[in-house]
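Undergrad: Okay, here's the structure, questions in a sec.
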Amino acid sequence: MDPHKFHGKDIPHIKLHPKMTIEDLVNVFASSGFNGRQLGEAAKLYAKMIQEDATICLTVSGAMTPVGFGGIIKTLIERGFVDWIITTGANVYHEDHFAWGLPVKQGSFDVDDMKLYENEIVRIRDVYIKFYETLEAQDQVIQKMFGDNFPDKPFTTAEFCNLMGKISKENSKYPEKSFITTAYDYDVPVYISTIKDSSLALNLAVHRLRNKVYNLDFVREIIEQAAILYDSKKSGILELGGGVPKNTAQQTGPLLDQILRRNDGGQDYVIQITDARPDTGGLSGATLQEGKSWGKVQDAHHGMITVYADATIAFPILALYVLSNQKARKPKRLYKKLGKLYEKLSEDYSKNPANKKKNKKRN
């Protein structure tokens with residue numbers, strides 16, 4: 001359809017009534033304009049990804065778990081609407097507070113932070129966390145989890161989070177209050193895009209100073225992530241914010257095509273919820289269409305929607321929409337399949353004539 005012609009759906013004179021459902025509200029958004037329309041169409045695209053049994057990656061940047069949104073992620077995992085996750089170490093660290101019953105409260109953003117410091121309160125915008133009762137208590141939990149009993153062999157962050165989920169599942173006070181424990185139950189891989197940039201890694205320092213070595217196999221995990229895309233008939237990403245989690249998920253396409261010479265084409269669908277501007281050149285604000293030039297997406301004209309909005313507003317609407325009208329899917333349980341997916345990609349790479357010729361020239 002030529003966007004330069006005068007055609008398209010008529011915009012209705014919108015009416016609201018007290019008995020409207022979330023589906024009705026999304027239809028209101030989708031029939032309007034601006035970011036309201038984008039939000040409505042994004043919700044419908046998420047439903048389409050589920051209907052087509054796409055392998056769905058959720059990327060989470062920003063401080064989404066301190067505001068309790070880990071519970072939304074947990075529900076999506078249980079319904080089979082999220083198959084694998086890429087997030088920050090901070091989101092994993094703060095999510096575990098809820099499992100262990102450590103206090104996190106609503107506070108205020110209009111405060112004197114010098115006084116908060118004196119009162120041993122840590123602030124994330126308008127969320128308060130206690131320094132000793134929460135952070136130090138969580139630090140002790142993490143240090144115990146990944147101390148002397150943690151294997152010395154190379155590991156991925158998916159293995160790190162899987163073990164964390166297992167331990168919290170078996171030992172925490174409220175294991176049902178963590179998407180990390182749910183990911184463990186449903187074999188959903190949870191990758192941490194920059195683990196060293198978080199309190200998870202900071203807590204490993206006490207053991208490293210006692211000469212315990214941690215060998216993160218970051219190359220293996222980027223291959224695993226690409227292998228998930230490679231094995232998927234349809235693949236999509238729901239991006240909350242941008243940052244490294246966004247790029248980690250999207251770089252699976254360039255790894256397959258640019259590096260491994262697969263010519264597979266990247267993701268079929270991407271939904272991006274962001275408040276970052278594209279004109280600054282940063283990845284967080286980069287348009288999804290720009291990603292086509294890198295081979296991150298299949299089509300620059302279809303299957304991609306960007307919503308310029310606060311994810312704490314838009315994400316619950318998308319989630320509730322699909323929870324309301326989509327049947328639960330059978331879990332793909334990708335975590336237990338990662339080894340086989342890795343081997344399949346490895347074998348196919350070695351059989352590729354282009355790679356054989358390339359390696360022969362090098363020798």
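How things are named: the first chain in the structure tokens is A, the next is B, and so on; residues count from 1 in each chain; ligands count from 1 in the order shown.
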Which residues are close to segment 178-188 of chain A, i.e. within 7 Å by only C-alpha atoms, leaving aside same-chain residues fewer than 3 positions away? Reply as a PyMOL selection string.

TA: chain A and resi 70-71+73-74+77+83-84+95-96+98-99+161-162+165-166+168-169+175+331+333-336

Undergrad: Which residues are close to segment 261-266 of chain A, i.e. within 8 Å by only C-alpha atoms, leaving aside same-chain residues fewer than 4 positions away? Reply as a list in words.

TA: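 In the requested form, the answer reads Leu229, Tyr230, Gln250, Thr252, Gly253, Pro254, Leu256, Asp257, Gly295, Lys296, Val297, Gln298, Tyr349, Ala354 and Asn355 of chain A.
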
Undergrad: Kindly export the residues of the current selection with C-alpha atoms, as a CSV table (one decimal), in the first residue's frame.

TA:
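Final output, saved to result.csv:
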chain,number,residue,atom,x,y,z
A,229,LEU,CA,17.7,-17.8,16.2
A,230,TYR,CA,19.1,-20.3,13.7
A,250,GLN,CA,19.8,-8.2,17.6
A,252,THR,CA,22.4,-12.8,16.4
A,253,GLY,CA,21.6,-11.9,12.8
A,254,PRO,CA,25.0,-10.4,12.0
A,256,LEU,CA,24.9,-15.8,11.5
A,257,ASP,CA,25.2,-13.8,8.3
A,295,GLY,CA,21.1,-7.9,8.8
A,296,LYS,CA,19.5,-7.8,12.3
A,297,VAL,CA,16.0,-8.1,10.9
A,298,GLN,CA,14.4,-9.8,7.9
A,349,TYR,CA,28.9,-24.0,9.8
A,354,ALA,CA,32.0,-20.8,1.7
A,355,ASN,CA,33.6,-21.4,5.1

Undergrad: Can you check which residues of segment 1-228 of chain A DSSP gives as helix (DSSP H, G or I) on the backbone and send them as a ChimeraX atom specification?

TA: /A:22-30,34-51,70-78,89-99,113-118,131-145,157-171,175-177,179-186,199-202,205-208,218-228

Undergrad: Write out as a CSV table (one decimal) with N, CA and C atoms, in the first residue's frame the residues lying within 12 Å of Glu343 of chain A, counting only C-alpha atoms and excluding same-chain residues fewer than 3 positions away.

TA:
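Result file is selection_7.csv:
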chain,number,residue,atom,x,y,z
A,220,ARG,N,30.8,-18.6,23.9
A,220,ARG,CA,29.9,-19.7,23.8
A,220,ARG,C,28.5,-19.1,23.9
A,223,ILE,N,27.2,-17.6,20.7
A,223,ILE,CA,26.9,-18.6,19.8
A,223,ILE,C,25.6,-19.3,20.1
A,224,GLU,N,25.3,-19.6,21.4
A,224,GLU,CA,24.1,-20.2,21.8
A,224,GLU,C,22.9,-19.3,21.4
A,226,ALA,N,22.8,-17.1,19.0
A,226,ALA,CA,22.6,-17.2,17.5
A,226,ALA,C,22.0,-18.5,17.1
A,227,ALA,N,22.4,-19.6,17.9
A,227,ALA,CA,21.8,-20.9,17.6
A,227,ALA,C,20.3,-21.0,17.8
A,228,ILE,N,19.8,-20.2,18.8
A,228,ILE,CA,18.4,-20.2,19.1
A,228,ILE,C,17.7,-19.6,17.9
A,230,TYR,N,18.9,-19.4,14.8
A,230,TYR,CA,19.1,-20.3,13.7
A,230,TYR,C,18.1,-21.5,13.6
A,231,ASP,N,17.7,-22.0,14.8
A,231,ASP,CA,16.8,-23.1,14.9
A,231,ASP,C,15.4,-22.7,14.8
A,337,LYS,N,18.0,-27.4,25.7
A,337,LYS,CA,18.3,-27.7,24.3
A,337,LYS,C,19.6,-27.0,23.8
A,338,LEU,N,20.1,-26.1,24.7
A,338,LEU,CA,21.2,-25.2,24.2
A,338,LEU,C,22.4,-26.0,23.6
A,339,GLY,N,22.7,-27.1,24.3
A,339,GLY,CA,23.9,-27.9,23.8
A,339,GLY,C,23.6,-28.4,22.4
A,340,LYS,N,22.4,-29.0,22.1
A,340,LYS,CA,22.1,-29.5,20.8
A,340,LYS,C,22.0,-28.4,19.8
A,346,SER,N,27.2,-25.5,14.8
A,346,SER,CA,28.6,-25.8,14.6
A,346,SER,C,28.8,-26.8,13.4
A,347,GLU,N,28.0,-27.8,13.4
A,347,GLU,CA,28.1,-28.8,12.3
A,347,GLU,C,27.7,-28.1,10.9
A,348,ASP,N,26.7,-27.3,10.9
A,348,ASP,CA,26.3,-26.7,9.6
A,348,ASP,C,27.3,-25.6,9.2
A,349,TYR,N,27.9,-25.0,10.1
A,349,TYR,CA,28.9,-24.0,9.8
A,349,TYR,C,30.1,-24.7,9.1
A,350,SER,N,30.5,-25.9,9.6
A,350,SER,CA,31.7,-26.6,9.1
A,350,SER,C,31.4,-27.2,7.7

Undergrad: Can you tell me, as a ChimeraX atom specification, which residues in segment 106-252 of chain A count as strand (DSSP E or B) by DSSP?

TA: /A:106,121-124,127-130,155,190-192,216,235-240

Undergrad: Export, as a PDB file, in the first residue's frame, the selected residues with N, CA and C atoms.

TA:
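Below is the file again36.pdb, written as the result:
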ATOM      1  N   GLN A 106       7.903   1.949  47.986  1.00  0.00           N
ATOM      2  CA  GLN A 106       7.682   3.206  47.281  1.00  0.00           C
ATOM      3  C   GLN A 106       8.228   4.344  48.132  1.00  0.00           C
ATOM      4  N   ILE A 121      19.263   4.682  53.163  1.00  0.00           N
ATOM      5  CA  ILE A 121      18.271   4.361  52.144  1.00  0.00           C
ATOM      6  C   ILE A 121      18.879   4.616  50.768  1.00  0.00           C
ATOM      7  N   VAL A 122      18.780   3.634  49.888  1.00  0.00           N
ATOM      8  CA  VAL A 122      19.251   3.756  48.509  1.00  0.00           C
ATOM      9  C   VAL A 122      18.042   4.047  47.624  1.00  0.00           C
ATOM     10  N   ARG A 123      18.199   4.974  46.693  1.00  0.00           N
ATOM     11  CA  ARG A 123      17.064   5.406  45.879  1.00  0.00           C
ATOM     12  C   ARG A 123      17.251   5.073  44.406  1.00  0.00           C
ATOM     13  N   ILE A 124      16.222   4.522  43.801  1.00  0.00           N
ATOM     14  CA  ILE A 124      16.121   4.384  42.345  1.00  0.00           C
ATOM     15  C   ILE A 124      14.880   5.187  41.938  1.00  0.00           C
ATOM     16  N   VAL A 127      11.805   4.722  44.154  1.00  0.00           N
ATOM     17  CA  VAL A 127      11.814   3.422  44.830  1.00  0.00           C
ATOM     18  C   VAL A 127      12.925   3.433  45.874  1.00  0.00           C
ATOM     19  N   TYR A 128      12.603   3.007  47.093  1.00  0.00           N
ATOM     20  CA  TYR A 128      13.564   2.972  48.189  1.00  0.00           C
ATOM     21  C   TYR A 128      13.995   1.539  48.499  1.00  0.00           C
ATOM     22  N   ILE A 129      15.291   1.372  48.731  1.00  0.00           N
ATOM     23  CA  ILE A 129      15.860   0.082  49.108  1.00  0.00           C
ATOM     24  C   ILE A 129      16.752   0.318  50.325  1.00  0.00           C
ATOM     25  N   LYS A 130      16.622  -0.503  51.340  1.00  0.00           N
ATOM     26  CA  LYS A 130      17.443  -0.361  52.542  1.00  0.00           C
ATOM     27  C   LYS A 130      18.867  -0.853  52.279  1.00  0.00           C
ATOM     28  N   PHE A 155      31.698 -21.039  32.369  1.00  0.00           N
ATOM     29  CA  PHE A 155      30.238 -20.995  32.465  1.00  0.00           C
ATOM     30  C   PHE A 155      29.704 -19.851  31.617  1.00  0.00           C
ATOM     31  N   VAL A 190      18.202 -17.322  30.767  1.00  0.00           N
ATOM     32  CA  VAL A 190      18.295 -15.907  31.117  1.00  0.00           C
ATOM     33  C   VAL A 190      19.756 -15.495  30.987  1.00  0.00           C
ATOM     34  N   TYR A 191      20.042 -14.682  29.980  1.00  0.00           N
ATOM     35  CA  TYR A 191      21.406 -14.201  29.761  1.00  0.00           C
ATOM     36  C   TYR A 191      21.548 -12.791  30.332  1.00  0.00           C
ATOM     37  N   ILE A 192      22.695 -12.530  30.913  1.00  0.00           N
ATOM     38  CA  ILE A 192      23.012 -11.201  31.423  1.00  0.00           C
ATOM     39  C   ILE A 192      24.030 -10.590  30.474  1.00  0.00           C
ATOM     40  N   LEU A 216      34.083 -16.855  32.603  1.00  0.00           N
ATOM     41  CA  LEU A 216      32.870 -16.620  31.833  1.00  0.00           C
ATOM     42  C   LEU A 216      33.145 -16.907  30.357  1.00  0.00           C
ATOM     43  N   SER A 235      11.085 -15.965  14.530  1.00  0.00           N
ATOM     44  CA  SER A 235      11.768 -15.445  15.705  1.00  0.00           C
ATOM     45  C   SER A 235      11.418 -13.983  15.910  1.00  0.00           C
ATOM     46  N   GLY A 236      11.213 -13.598  17.189  1.00  0.00           N
ATOM     47  CA  GLY A 236      10.873 -12.218  17.481  1.00  0.00           C
ATOM     48  C   GLY A 236      11.465 -11.747  18.790  1.00  0.00           C
ATOM     49  N   ILE A 237      11.545 -10.434  18.946  1.00  0.00           N
ATOM     50  CA  ILE A 237      12.070  -9.828  20.170  1.00  0.00           C
ATOM     51  C   ILE A 237      11.076  -8.795  20.671  1.00  0.00           C
ATOM     52  N   LEU A 238      10.845  -8.793  21.973  1.00  0.00           N
ATOM     53  CA  LEU A 238      10.133  -7.718  22.646  1.00  0.00           C
ATOM     54  C   LEU A 238      11.160  -6.984  23.484  1.00  0.00           C
ATOM     55  N   GLU A 239      11.462  -5.745  23.105  1.00  0.00           N
ATOM     56  CA  GLU A 239      12.537  -4.984  23.738  1.00  0.00           C
ATOM     57  C   GLU A 239      11.969  -3.926  24.674  1.00  0.00           C
ATOM     58  N   LEU A 240      12.299  -4.043  25.951  1.00  0.00           N
ATOM     59  CA  LEU A 240      11.941  -3.024  26.936  1.00  0.00           C
ATOM     60  C   LEU A 240      13.164  -2.146  27.130  1.00  0.00           C
TER      61      LEU A 240
END

Undergrad: Contacts between segment 49-54 of chain A and segment 243-355 of chain A, please, where a residue of segment 243-355 of chain A counts if it comes within 12 Å (with only C-alpha atoms); show its shortest atom pair and distance in Å to one decimal, rows by chain and ascending number, as a tab-separated table.

TA:
residue	atom	partner	partner_atom	distance
A:Gln267	CA	A:Ala54	CA	10.0
A:Asp268	CA	A:Ala54	CA	8.6
A:Tyr269	CA	A:Met49	CA	7.4
A:Val270	CA	A:Met49	CA	9.5
A:Ile271	CA	A:Met49	CA	10.3
A:Gly303	CA	A:Met49	CA	9.4
A:Met304	CA	A:Met49	CA	11.3
A:Ala319	CA	A:Ile50	CA	11.7
A:Tyr321	CA	A:Ile50	CA	11.9
A:Val322	CA	A:Ile50	CA	8.4
A:Leu323	CA	A:Ile50	CA	10.6
A:Asn325	CA	A:Gln51	CA	10.5
A:Gln326	CA	A:Ile50	CA	7.5
A:Lys327	CA	A:Gln51	CA	8.7
A:Ala328	CA	A:Ile50	CA	9.0
A:Arg329	CA	A:Ile50	CA	7.9
A:Lys330	CA	A:Asp53	CA	9.6
A:Pro331	CA	A:Asp53	CA	10.6
A:Lys332	CA	A:Asp53	CA	9.8

Undergrad: Tell me, as a list in words, which residues lie within 12 Å of Arg37 of chain A, counting only C-alpha atoms; anything in the same chain fewer than 5 positions away does not count.

TA: Ile11, Leu25, Val26, Asn27, Val28, Phe29, Ala30, Ser31, Ser32, Ala42, Ala43, Lys44, Ile305, Thr306, Val307, Tyr308, Ala309 and Ala314 of chain A

Undergrad: List the neighbours of Phe218 of chain A out to 12 Å using only C-alpha atoms; skip same-chain residues closer than 4 positions along the sequence, and give me the result as a list in words.

TA: Pro154, Phe155, Thr156, Thr157, Ala158, Glu159, Phe160, Tyr191, Ile192, Ser193, Thr194, Ile195, Lys196, Tyr214, Ile222, Ile223, Glu224, Gln225 and Thr248 of chain A

Undergrad: Residues of the last selection are to be written out with N, CA and C atoms, as a PDB file, in the first residue's frame.

TA:
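Dumped to result.pdb:
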ATOM      1  N   PRO A 154      34.471 -23.247  32.896  1.00  0.00           N
ATOM      2  CA  PRO A 154      33.867 -22.107  32.196  1.00  0.00           C
ATOM      3  C   PRO A 154      32.334 -22.186  32.219  1.00  0.00           C
ATOM      4  N   PHE A 155      31.698 -21.039  32.369  1.00  0.00           N
ATOM      5  CA  PHE A 155      30.238 -20.995  32.465  1.00  0.00           C
ATOM      6  C   PHE A 155      29.704 -19.851  31.617  1.00  0.00           C
ATOM      7  N   THR A 156      28.416 -19.928  31.297  1.00  0.00           N
ATOM      8  CA  THR A 156      27.721 -18.826  30.627  1.00  0.00           C
ATOM      9  C   THR A 156      26.819 -18.140  31.648  1.00  0.00           C
ATOM     10  N   THR A 157      26.355 -16.955  31.317  1.00  0.00           N
ATOM     11  CA  THR A 157      25.453 -16.270  32.238  1.00  0.00           C
ATOM     12  C   THR A 157      24.102 -16.982  32.325  1.00  0.00           C
ATOM     13  N   ALA A 158      23.731 -17.744  31.296  1.00  0.00           N
ATOM     14  CA  ALA A 158      22.507 -18.549  31.373  1.00  0.00           C
ATOM     15  C   ALA A 158      22.665 -19.626  32.441  1.00  0.00           C
ATOM     16  N   GLU A 159      23.844 -20.229  32.518  1.00  0.00           N
ATOM     17  CA  GLU A 159      24.105 -21.222  33.561  1.00  0.00           C
ATOM     18  C   GLU A 159      24.141 -20.565  34.931  1.00  0.00           C
ATOM     19  N   PHE A 160      24.706 -19.379  34.995  1.00  0.00           N
ATOM     20  CA  PHE A 160      24.769 -18.601  36.233  1.00  0.00           C
ATOM     21  C   PHE A 160      23.355 -18.342  36.762  1.00  0.00           C
ATOM     22  N   TYR A 191      20.042 -14.682  29.980  1.00  0.00           N
ATOM     23  CA  TYR A 191      21.406 -14.201  29.761  1.00  0.00           C
ATOM     24  C   TYR A 191      21.548 -12.791  30.332  1.00  0.00           C
ATOM     25  N   ILE A 192      22.695 -12.530  30.913  1.00  0.00           N
ATOM     26  CA  ILE A 192      23.012 -11.201  31.423  1.00  0.00           C
ATOM     27  C   ILE A 192      24.030 -10.590  30.474  1.00  0.00           C
ATOM     28  N   SER A 193      23.609  -9.538  29.795  1.00  0.00           N
ATOM     29  CA  SER A 193      24.437  -8.995  28.717  1.00  0.00           C
ATOM     30  C   SER A 193      25.746  -8.402  29.210  1.00  0.00           C
ATOM     31  N   THR A 194      25.754  -7.826  30.408  1.00  0.00           N
ATOM     32  CA  THR A 194      26.993  -7.242  30.961  1.00  0.00           C
ATOM     33  C   THR A 194      27.051  -7.555  32.447  1.00  0.00           C
ATOM     34  N   ILE A 195      27.392  -8.774  32.779  1.00  0.00           N
ATOM     35  CA  ILE A 195      27.332  -9.193  34.179  1.00  0.00           C
ATOM     36  C   ILE A 195      28.317  -8.427  35.054  1.00  0.00           C
ATOM     37  N   LYS A 196      29.454  -8.017  34.491  1.00  0.00           N
ATOM     38  CA  LYS A 196      30.441  -7.331  35.332  1.00  0.00           C
ATOM     39  C   LYS A 196      29.995  -5.930  35.717  1.00  0.00           C
ATOM     40  N   TYR A 214      36.863 -17.141  38.130  1.00  0.00           N
ATOM     41  CA  TYR A 214      35.590 -17.251  37.426  1.00  0.00           C
ATOM     42  C   TYR A 214      35.856 -17.128  35.926  1.00  0.00           C
ATOM     43  N   ILE A 222      27.233 -16.171  23.079  1.00  0.00           N
ATOM     44  CA  ILE A 222      26.751 -15.475  21.880  1.00  0.00           C
ATOM     45  C   ILE A 222      26.469 -16.476  20.754  1.00  0.00           C
ATOM     46  N   ILE A 223      27.186 -17.585  20.742  1.00  0.00           N
ATOM     47  CA  ILE A 223      26.896 -18.639  19.761  1.00  0.00           C
ATOM     48  C   ILE A 223      25.580 -19.323  20.113  1.00  0.00           C
ATOM     49  N   GLU A 224      25.349 -19.575  21.405  1.00  0.00           N
ATOM     50  CA  GLU A 224      24.079 -20.162  21.825  1.00  0.00           C
ATOM     51  C   GLU A 224      22.911 -19.276  21.420  1.00  0.00           C
ATOM     52  N   GLN A 225      23.063 -17.986  21.614  1.00  0.00           N
ATOM     53  CA  GLN A 225      21.992 -17.046  21.273  1.00  0.00           C
ATOM     54  C   GLN A 225      21.714 -17.059  19.764  1.00  0.00           C
ATOM     55  N   THR A 248      22.431  -7.212  22.142  1.00  0.00           N
ATOM     56  CA  THR A 248      22.799  -8.622  22.295  1.00  0.00           C
ATOM     57  C   THR A 248      21.823  -9.518  21.553  1.00  0.00           C
TER      58      THR A 248
END

Undergrad: Measure the distance from atom CA of Asn149 of chain A to atom CA of Leu163 of chain A in Å and round it to one decimal.

TA: 11.6 Å

Undergrad: Can you pull out every residue within 9 Å of segment 100-105 of chain A, counting only C-alpha atoms, but drop anything in the same chain fewer than 5 positions away, and send it as a ChimeraX atom specification?

TA: /A:66-67,126-130,133-135,137-138,141,168,171-175,177

Undergrad: Please produce an output containing C-alpha atoms for each residue in the selection, written as an mmCIF file, in the first residue's frame.

TA:
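Dumped to part.cif:
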data_model
loop_
_atom_site.group_PDB
_atom_site.id
_atom_site.type_symbol
_atom_site.label_atom_id
_atom_site.label_comp_id
_atom_site.auth_asym_id
_atom_site.auth_seq_id
_atom_site.Cartn_x
_atom_site.Cartn_y
_atom_site.Cartn_z
ATOM 1 C CA PRO A 66 12.748 -2.844 41.423
ATOM 2 C CA VAL A 67 9.259 -1.588 40.481
ATOM 3 C CA ASP A 126 11.026 6.955 43.640
ATOM 4 C CA VAL A 127 11.814 3.422 44.830
ATOM 5 C CA TYR A 128 13.564 2.972 48.189
ATOM 6 C CA ILE A 129 15.860 0.082 49.108
ATOM 7 C CA LYS A 130 17.443 -0.361 52.542
ATOM 8 C CA GLU A 133 18.390 -4.952 55.342
ATOM 9 C CA THR A 134 18.176 -5.310 51.542
ATOM 10 C CA LEU A 135 21.454 -4.715 49.708
ATOM 11 C CA ALA A 137 21.464 -9.083 52.913
ATOM 12 C CA GLN A 138 21.243 -9.758 49.168
ATOM 13 C CA VAL A 141 22.940 -14.467 49.520
ATOM 14 C CA SER A 168 16.377 -19.408 45.283
ATOM 15 C CA ASN A 171 15.959 -21.919 49.815
ATOM 16 C CA SER A 172 14.247 -18.529 49.570
ATOM 17 C CA LYS A 173 11.226 -17.469 51.605
ATOM 18 C CA TYR A 174 9.028 -16.580 48.613
ATOM 19 C CA PRO A 175 10.366 -18.478 45.560
ATOM 20 C CA LYS A 177 8.065 -14.039 43.692
#

Undergrad: Under the rule that only C-alpha atoms are counted, which of A:Ile259, A:Ala90, A:Leu200, A:Val213 is the nearest residue to Phe150 of chain A?

TA: A:Val213

Undergrad: From the set A:Arg125, A:Lys344, A:Lys246, A:Lys292, which residue has the shortest atom-to-atom contact distance to Thr87 of chain A, counting only C-alpha atoms?

TA: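 For Thr87 of chain A, the nearest of the candidates is A:Lys246.
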
Undergrad: Identify, on the basis of only C-alpha atoms, every residue whose closest approach to segment 2-5 of chain A does not exceed 12 Å; exclude the query and any residue fewer than 2 positions from it along the same chain; express the result as a VMD selection string.

TA: chain A and resid 7 to 8 301

Undergrad: I need the chosen residues saved as a compact mmCIF listing (two decimals), in the first residue's frame, with all heavy atoms.

TA:
# COMPACT_ATOMS: atom_id res chain seq x y z
N HIS A 7 -5.44 6.98 1.66
CA HIS A 7 -6.24 5.80 1.97
C HIS A 7 -5.83 5.29 3.35
O HIS A 7 -4.89 5.78 3.97
CB HIS A 7 -6.06 4.70 0.91
CG HIS A 7 -4.64 4.39 0.58
ND1 HIS A 7 -3.71 3.96 1.51
CD2 HIS A 7 -3.97 4.44 -0.60
CE1 HIS A 7 -2.55 3.76 0.91
NE2 HIS A 7 -2.67 4.05 -0.36
N GLY A 8 -6.52 4.31 3.82
CA GLY A 8 -6.29 3.79 5.17
C GLY A 8 -7.60 3.75 5.94
O GLY A 8 -8.66 4.16 5.43
N HIS A 301 10.39 -3.23 6.22
CA HIS A 301 9.07 -2.63 6.02
C HIS A 301 7.95 -3.33 6.78
O HIS A 301 6.84 -2.80 6.86
CB HIS A 301 8.72 -2.63 4.52
CG HIS A 301 9.72 -1.90 3.68
ND1 HIS A 301 10.44 -2.53 2.69
CD2 HIS A 301 10.15 -0.62 3.70
CE1 HIS A 301 11.26 -1.66 2.12
NE2 HIS A 301 11.11 -0.49 2.71

Undergrad: Which of these residues is nearest to Asp310 of chain A, using only C-alpha atoms: A:Asn247, A:Asn35, A:Asn211, A:Asn352?

TA: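 Ranked by minimum distance to Asp310 of chain A, first place goes to A:Asn35.
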